[in-house]
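Encoded as structure tokens, the structure appears first; notes follow it.
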Amino acid sequence: MYAQVNRQLIKILTLFLAVVILNGCELVQWKEKHDHDQLYAQDYQEHILNLKEGGQLKYWIGGSGEPLLLIHGFGGNAVATWKEEMLELSKHYQVIAPDLAWFGESYSMGTPNLTTQTDTMWQLLDALDIEGVNVAGISYGGFITYNMMMQTDRVKKGVIIASPGPLFSDEDLEALCLRAGVDKPEQLFVPTNSDEVRRLFDNVFYEPKNMPDFVANQIYSSYFSPYKNEKEQLIQSLVYDRARISGANTNEFPPTMLIWGDSDKIFPLKNGIALSKHLNSAIVVLPETAHGVTNEQPETVSKLLKVFIS
């Protein structure tokens with residue numbers, strides 16, 4: 001449930017600020033092309049899956065070996081969230097990294113909720129003829145991971161990053177809104193202008209991100225303006241999905257590991273500790289890290305995933 005843009009993006013944007021002002025380049029688009037070129041160079045391929053309910057799912061696939069599904073969070077897409085991990089992990093696994101429906105180049109004609117998102121993951125795995133898979137998901141992707149683990153015969157191991165599963169209360173949401181200065185969660189996660197993009201980044205990342213207006217506007221146009229209504233519905237529907245997924249028999253869940261930042265302002269560490277007890281799973285706490293774990297600590301995340309999956 002957060003905006004996930006590569007941790008180096010702001011540094012690169014600042015570095016090339018003078019160039020952009022002079023020649024009018026779209027830096028966000030330039031950064032995306034640069035990231036894509038890096039993935040192509042490591043033999044990643046892009047594909048489009050036509051969804052049975054209508055719509056399409058864009059996904060990246062690269063590497064060989066045991067399959068590993070990487071699920072991004074709110075506001076970003078696969079590459080913005082996982083690029084560094086994708087480059088490293090494809091040396092050891094067959095990595096599949098989709099853009100979730102209503103993010104990036106993906107959309108669905110289904111109802112915007114957790115069930116639809118999870119079903120698109122099963123459609124993707126079926127299309128790739130993958131029966132059992134390791135899954136790692138961050139933030140909103142962690143909710144999908146939790147939902148997938150309820151189908152215990154298909155998920156080998158699950159990694160949930162900065163996502164509380166069903167263990168978030170109405171009081172937790174009220175506290176989040178108070179910290180962020182909004183009335184409803186969707187006002188934080190679905191920004192409508194450059195100032196609200198900055199507000200979201202301030203709540204997601206450990207280090208402050210000083211971005212000029214034209215950069216914030218480009219980020220908004222690229223990552224947040226499409227499918228705003230559907231994204232708001234995704235946030236709102238999580239409250240209704242909470243009761244359903246809370247009824248899962250966690251004793252039957254596959255082996256699970258949690259990864260959390262010690263300074264997470266979206267879902268504070270207490271949520272992670274509660275989920276680790278609920279799942280009887282290990283939790284790895286990363287110091288000086290907030291909610292954007294995969295962007296802030298990609299090397300550590302890659303190492304943890306390799307150790308856990310092996």
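Just so we're on the same page: first chain in the structure tokens is A, next is B, and so on; residues restart at 1 for each chain, and ligands are numbered from 1 in the order they show up.
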
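When the distance limit is 10 Å and only C-alpha atoms are what count, the residues near region 180-188 of chain A, minus those fewer than 6 positions from it on the same chain, are Met1, Tyr2, Ala3, Leu173, Glu174, Glu196, Val197, Arg199, Leu200, Phe201, Asp202, Asn203, Lys228, Lys231, Glu232, Gln233, Leu234, Ile235, Gln236, Lys265 and Ile266 of chain A.
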
Would you give me, as a Markdown table, each residue of region 122-226 of chain A having an atom within 12 Å of an atom of region 240-253 of chain A, along with its shortest atom pair and that distance in Å to one decimal, using only C-alpha atoms and sorting by chain and residue number?
```
| residue | atom | partner | partner_atom | distance |
| --- | --- | --- | --- | --- |
| A:Phe143 | CA | A:Ile245 | CA | 9.2 |
| A:Ile144 | CA | A:Ile245 | CA | 10.4 |
| A:Thr145 | CA | A:Phe253 | CA | 11.2 |
| A:Tyr146 | CA | A:Ile245 | CA | 8.0 |
| A:Asn147 | CA | A:Ile245 | CA | 6.7 |
| A:Met148 | CA | A:Phe253 | CA | 9.8 |
| A:Met149 | CA | A:Phe253 | CA | 6.0 |
| A:Met150 | CA | A:Ala248 | CA | 6.5 |
| A:Gln151 | CA | A:Phe253 | CA | 8.2 |
| A:Thr152 | CA | A:Phe253 | CA | 5.9 |
| A:Asp153 | CA | A:Phe253 | CA | 9.2 |
| A:Arg154 | CA | A:Phe253 | CA | 10.5 |
| A:Val155 | CA | A:Phe253 | CA | 8.6 |
| A:Lys156 | CA | A:Phe253 | CA | 9.2 |
| A:Lys157 | CA | A:Phe253 | CA | 8.8 |
| A:Gly158 | CA | A:Phe253 | CA | 8.8 |
| A:Val159 | CA | A:Phe253 | CA | 11.8 |
| A:Pro164 | CA | A:Arg242 | CA | 10.2 |
| A:Gly165 | CA | A:Arg242 | CA | 7.7 |
| A:Pro166 | CA | A:Arg242 | CA | 4.9 |
| A:Leu167 | CA | A:Ser246 | CA | 7.8 |
| A:Phe168 | CA | A:Arg242 | CA | 8.1 |
| A:Ser169 | CA | A:Arg242 | CA | 9.1 |
| A:Asp170 | CA | A:Arg242 | CA | 10.7 |
```

Residue contacts of Tyr206 (chain A) (9 Å, only C-alpha atoms) excluding same-chain residues fewer than 5 positions away, as an MDAnalysis selection string = chainID A and resid 263:264 288:292 296

What residues in region 104-214 of chain A get the DSSP label helix (DSSP H, G or I)? Please answer as a ChimeraX atom specification.
-> /A:114-127,140-149,170-180,185-189,194-204,213-214

Dump N, CA and C atoms for the selected residues as a compact mmCIF listing (two decimals), in the first residue's frame?
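Full text of selection.txt as output:
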```txt
# COMPACT_ATOMS: atom_id res chain seq x y z
N LEU A 114 -8.76 -7.72 -3.19
CA LEU A 114 -7.68 -8.66 -2.97
C LEU A 114 -7.92 -9.98 -3.70
N THR A 115 -9.16 -10.40 -3.79
CA THR A 115 -9.47 -11.65 -4.48
C THR A 115 -9.10 -11.58 -5.95
N THR A 116 -9.46 -10.49 -6.61
CA THR A 116 -9.11 -10.33 -8.02
C THR A 116 -7.61 -10.32 -8.20
N GLN A 117 -6.90 -9.56 -7.35
CA GLN A 117 -5.44 -9.50 -7.48
C GLN A 117 -4.82 -10.88 -7.31
N THR A 118 -5.29 -11.62 -6.32
CA THR A 118 -4.73 -12.95 -6.08
C THR A 118 -5.03 -13.89 -7.23
N ASP A 119 -6.22 -13.80 -7.79
CA ASP A 119 -6.59 -14.67 -8.90
C ASP A 119 -5.72 -14.40 -10.12
N THR A 120 -5.34 -13.14 -10.34
CA THR A 120 -4.45 -12.86 -11.48
C THR A 120 -3.09 -13.52 -11.28
N MET A 121 -2.64 -13.64 -10.03
CA MET A 121 -1.38 -14.34 -9.78
C MET A 121 -1.50 -15.82 -10.12
N TRP A 122 -2.62 -16.43 -9.75
CA TRP A 122 -2.82 -17.84 -10.11
C TRP A 122 -2.93 -18.00 -11.62
N GLN A 123 -3.60 -17.08 -12.29
CA GLN A 123 -3.67 -17.15 -13.75
C GLN A 123 -2.27 -17.10 -14.37
N LEU A 124 -1.43 -16.22 -13.82
CA LEU A 124 -0.07 -16.10 -14.33
C LEU A 124 0.71 -17.40 -14.12
N LEU A 125 0.65 -17.94 -12.92
CA LEU A 125 1.38 -19.18 -12.64
C LEU A 125 0.86 -20.34 -13.47
N ASP A 126 -0.46 -20.40 -13.67
CA ASP A 126 -1.03 -21.45 -14.52
C ASP A 126 -0.53 -21.31 -15.96
N ALA A 127 -0.47 -20.07 -16.45
CA ALA A 127 -0.01 -19.84 -17.82
C ALA A 127 1.45 -20.26 -17.98
N TYR A 140 1.23 -3.85 0.15
CA TYR A 140 0.02 -4.43 -0.43
C TYR A 140 0.30 -5.80 -1.03
N GLY A 141 1.49 -5.97 -1.59
CA GLY A 141 1.87 -7.29 -2.10
C GLY A 141 1.96 -8.32 -1.00
N GLY A 142 2.22 -7.89 0.24
CA GLY A 142 2.23 -8.81 1.36
C GLY A 142 0.84 -9.35 1.67
N PHE A 143 -0.19 -8.51 1.48
CA PHE A 143 -1.56 -8.99 1.65
C PHE A 143 -1.87 -10.08 0.62
N ILE A 144 -1.42 -9.88 -0.61
CA ILE A 144 -1.63 -10.88 -1.66
C ILE A 144 -0.88 -12.16 -1.31
N THR A 145 0.36 -12.01 -0.82
CA THR A 145 1.14 -13.18 -0.42
C THR A 145 0.42 -13.97 0.66
N TYR A 146 -0.09 -13.28 1.67
CA TYR A 146 -0.84 -13.93 2.74
C TYR A 146 -2.05 -14.67 2.16
N ASN A 147 -2.76 -14.04 1.27
CA ASN A 147 -3.93 -14.65 0.65
C ASN A 147 -3.54 -15.88 -0.15
N MET A 148 -2.42 -15.80 -0.86
CA MET A 148 -1.95 -16.95 -1.64
C MET A 148 -1.55 -18.11 -0.73
N MET A 149 -0.97 -17.81 0.42
CA MET A 149 -0.52 -18.87 1.32
C MET A 149 -1.68 -19.66 1.91
N ASP A 170 -9.08 -1.14 13.18
CA ASP A 170 -9.58 0.19 12.84
C ASP A 170 -8.77 1.25 13.59
N GLU A 171 -8.37 0.93 14.81
CA GLU A 171 -7.55 1.87 15.58
C GLU A 171 -6.18 2.06 14.93
N ASP A 172 -5.62 1.01 14.36
CA ASP A 172 -4.35 1.13 13.65
C ASP A 172 -4.49 2.07 12.45
N LEU A 173 -5.59 1.94 11.73
CA LEU A 173 -5.82 2.80 10.57
C LEU A 173 -6.02 4.25 10.99
N GLU A 174 -6.72 4.46 12.10
CA GLU A 174 -6.91 5.81 12.61
C GLU A 174 -5.56 6.43 13.01
N ALA A 175 -4.71 5.64 13.63
CA ALA A 175 -3.39 6.13 14.03
C ALA A 175 -2.54 6.45 12.82
N LEU A 176 -2.64 5.63 11.77
CA LEU A 176 -1.92 5.90 10.53
C LEU A 176 -2.36 7.22 9.92
N CYS A 177 -3.67 7.42 9.86
CA CYS A 177 -4.19 8.67 9.30
C CYS A 177 -3.73 9.88 10.12
N LEU A 178 -3.70 9.72 11.42
CA LEU A 178 -3.26 10.81 12.29
C LEU A 178 -1.79 11.14 12.03
N ARG A 179 -0.95 10.11 11.91
CA ARG A 179 0.47 10.35 11.63
C ARG A 179 0.67 11.04 10.29
N ALA A 180 -0.13 10.65 9.30
CA ALA A 180 0.04 11.18 7.95
C ALA A 180 -0.71 12.49 7.71
N PRO A 185 -7.25 6.42 4.76
CA PRO A 185 -6.01 5.85 4.24
C PRO A 185 -5.81 6.08 2.75
N GLU A 186 -6.89 6.00 1.97
CA GLU A 186 -6.74 6.16 0.53
C GLU A 186 -6.24 7.55 0.15
N GLN A 187 -6.46 8.55 1.02
CA GLN A 187 -5.94 9.88 0.73
C GLN A 187 -4.43 9.91 0.80
N LEU A 188 -3.84 9.04 1.59
CA LEU A 188 -2.38 8.94 1.65
C LEU A 188 -1.84 8.14 0.48
N PHE A 189 -2.45 7.00 0.19
CA PHE A 189 -1.87 6.07 -0.78
C PHE A 189 -2.23 6.36 -2.23
N SER A 194 1.35 16.80 -6.75
CA SER A 194 2.76 16.64 -6.39
C SER A 194 2.99 16.78 -4.89
N ASP A 195 2.25 17.66 -4.22
CA ASP A 195 2.42 17.81 -2.77
C ASP A 195 2.05 16.53 -2.04
N GLU A 196 1.01 15.86 -2.50
CA GLU A 196 0.60 14.61 -1.86
C GLU A 196 1.57 13.47 -2.17
N VAL A 197 2.25 13.53 -3.32
CA VAL A 197 3.32 12.57 -3.59
C VAL A 197 4.43 12.74 -2.57
N ARG A 198 4.82 13.98 -2.30
CA ARG A 198 5.86 14.24 -1.29
C ARG A 198 5.42 13.73 0.08
N ARG A 199 4.16 13.96 0.43
CA ARG A 199 3.65 13.49 1.72
C ARG A 199 3.76 11.98 1.81
N LEU A 200 3.41 11.28 0.75
CA LEU A 200 3.50 9.83 0.76
C LEU A 200 4.95 9.38 0.92
N PHE A 201 5.86 9.98 0.18
CA PHE A 201 7.27 9.61 0.28
C PHE A 201 7.80 9.87 1.68
N ASP A 202 7.37 10.96 2.29
CA ASP A 202 7.81 11.27 3.66
C ASP A 202 7.40 10.18 4.64
N ASN A 203 6.28 9.53 4.37
CA ASN A 203 5.78 8.48 5.27
C ASN A 203 6.31 7.10 4.91
N VAL A 204 6.89 6.96 3.72
CA VAL A 204 7.33 5.64 3.25
C VAL A 204 8.82 5.43 3.48
N ASP A 213 9.31 20.37 -7.93
CA ASP A 213 7.94 20.18 -8.40
C ASP A 213 7.87 19.35 -9.67
N PHE A 214 8.77 19.62 -10.63
CA PHE A 214 8.63 18.92 -11.91
C PHE A 214 8.89 17.43 -11.74
```

Determine, counting only C-alpha atoms, which protein, DNA and RNA residues have an atom within 10 Å of an atom of Ala101 (chain A); residues of the same chain fewer than 6 positions away are not included. Present the result as a count of residues only.
-> 20

Can you check which residues of region 75-198 of chain A DSSP gives as strand (DSSP E or B) on the backbone and send them as a list in words?
->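 These are the residues in question: Gln94, Val95, Ile96, Ala97, Pro98, Tyr107, Ser108, Val133, Asn134, Val135, Ala136, Gly137, Ile138, Val155, Lys156, Lys157, Gly158, Val159, Ile160 and Ile161 of chain A.
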
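Compared by their closest atoms to Lys83 (chain A), and using only C-alpha atoms, the residues A:Ile138, A:Leu39, A:Leu238, A:Ile130 rank with A:Leu39 nearest.
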
Of the listed residues A:Gln94, A:Thr81, A:Asn134, A:Thr294, that which approaches Glu32 (chain A) most closely, counting only C-alpha atoms =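 Once distances to Glu32 (chain A) are computed over only C-alpha atoms, the minimum belongs to A:Thr81.
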
In Å, how far is it from CA of Tyr44 (chain A) to CA of Met86 (chain A)?
->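 These atoms are spaced 9.1 Å apart.
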
Suppose you want the space between CA of Trp60 (chain A) and CA of Ile48 (chain A); what is it in Å?
->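 Taking CA of Trp60 (chain A) as the start and CA of Ile48 (chain A) as the end point, the length is 9.0 Å.
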
Would you mind listing what lies within 10 Å of Ser276 (chain A) as a list in words, with only C-alpha atoms counted and same-chain residues fewer than 5 positions away left out?
->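 The filter keeps Ile160, Pro164, Thr256, Met257, Leu258, Ile259, Lys270, Asn271, Ser281, Ala282, Ile283 and Val284 of chain A.
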
Same residues, N, CA and C atoms, output as a PDB file, in the first residue's frame:
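Dumped everything to again.pdb:
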```
ATOM      1  N   ILE A 160       6.814 -12.177   3.727  1.00  0.00           N
ATOM      2  CA  ILE A 160       5.951 -11.005   3.846  1.00  0.00           C
ATOM      3  C   ILE A 160       6.799  -9.853   4.368  1.00  0.00           C
ATOM      4  N   PRO A 164       0.883  -6.441   7.478  1.00  0.00           N
ATOM      5  CA  PRO A 164       0.399  -7.104   8.698  1.00  0.00           C
ATOM      6  C   PRO A 164      -0.592  -8.231   8.486  1.00  0.00           C
ATOM      7  N   THR A 256       7.269 -19.422   6.631  1.00  0.00           N
ATOM      8  CA  THR A 256       7.117 -17.996   6.374  1.00  0.00           C
ATOM      9  C   THR A 256       8.208 -17.210   7.097  1.00  0.00           C
ATOM     10  N   MET A 257       8.685 -16.160   6.436  1.00  0.00           N
ATOM     11  CA  MET A 257       9.604 -15.212   7.057  1.00  0.00           C
ATOM     12  C   MET A 257       9.066 -13.802   6.872  1.00  0.00           C
ATOM     13  N   LEU A 258       9.211 -12.973   7.897  1.00  0.00           N
ATOM     14  CA  LEU A 258       8.823 -11.575   7.822  1.00  0.00           C
ATOM     15  C   LEU A 258      10.067 -10.699   7.796  1.00  0.00           C
ATOM     16  N   ILE A 259       9.994  -9.605   7.043  1.00  0.00           N
ATOM     17  CA  ILE A 259      11.057  -8.601   7.018  1.00  0.00           C
ATOM     18  C   ILE A 259      10.408  -7.254   7.303  1.00  0.00           C
ATOM     19  N   LYS A 270       5.402  -3.020  15.741  1.00  0.00           N
ATOM     20  CA  LYS A 270       4.531  -3.830  16.598  1.00  0.00           C
ATOM     21  C   LYS A 270       3.583  -4.692  15.769  1.00  0.00           C
ATOM     22  N   ASN A 271       3.185  -4.208  14.585  1.00  0.00           N
ATOM     23  CA  ASN A 271       2.343  -5.013  13.707  1.00  0.00           C
ATOM     24  C   ASN A 271       3.096  -6.232  13.190  1.00  0.00           C
ATOM     25  N   SER A 281       6.419 -17.418  12.995  1.00  0.00           N
ATOM     26  CA  SER A 281       7.480 -17.284  11.996  1.00  0.00           C
ATOM     27  C   SER A 281       8.564 -16.346  12.499  1.00  0.00           C
ATOM     28  N   ALA A 282       9.717 -16.436  11.868  1.00  0.00           N
ATOM     29  CA  ALA A 282      10.810 -15.516  12.178  1.00  0.00           C
ATOM     30  C   ALA A 282      10.514 -14.140  11.594  1.00  0.00           C
ATOM     31  N   ILE A 283      11.023 -13.106  12.265  1.00  0.00           N
ATOM     32  CA  ILE A 283      10.942 -11.754  11.731  1.00  0.00           C
ATOM     33  C   ILE A 283      12.336 -11.151  11.778  1.00  0.00           C
ATOM     34  N   VAL A 284      12.763 -10.591  10.661  1.00  0.00           N
ATOM     35  CA  VAL A 284      14.052  -9.919  10.563  1.00  0.00           C
ATOM     36  C   VAL A 284      13.792  -8.419  10.561  1.00  0.00           C
TER      37      VAL A 284
END
```

Point out the residue among A:Ala136, A:Leu269, A:Val293, A:Leu100 with the least atom-to-atom distance to Phe308 (chain A), counting only C-alpha atoms.
-> A:Ala136

Pairwise distance for CA of Ser163 (chain A) and CA of Trp260 (chain A), rounded to one decimal in Å |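 One can read the CA of Ser163 (chain A) to CA of Trp260 (chain A) distance as 8.4 Å.
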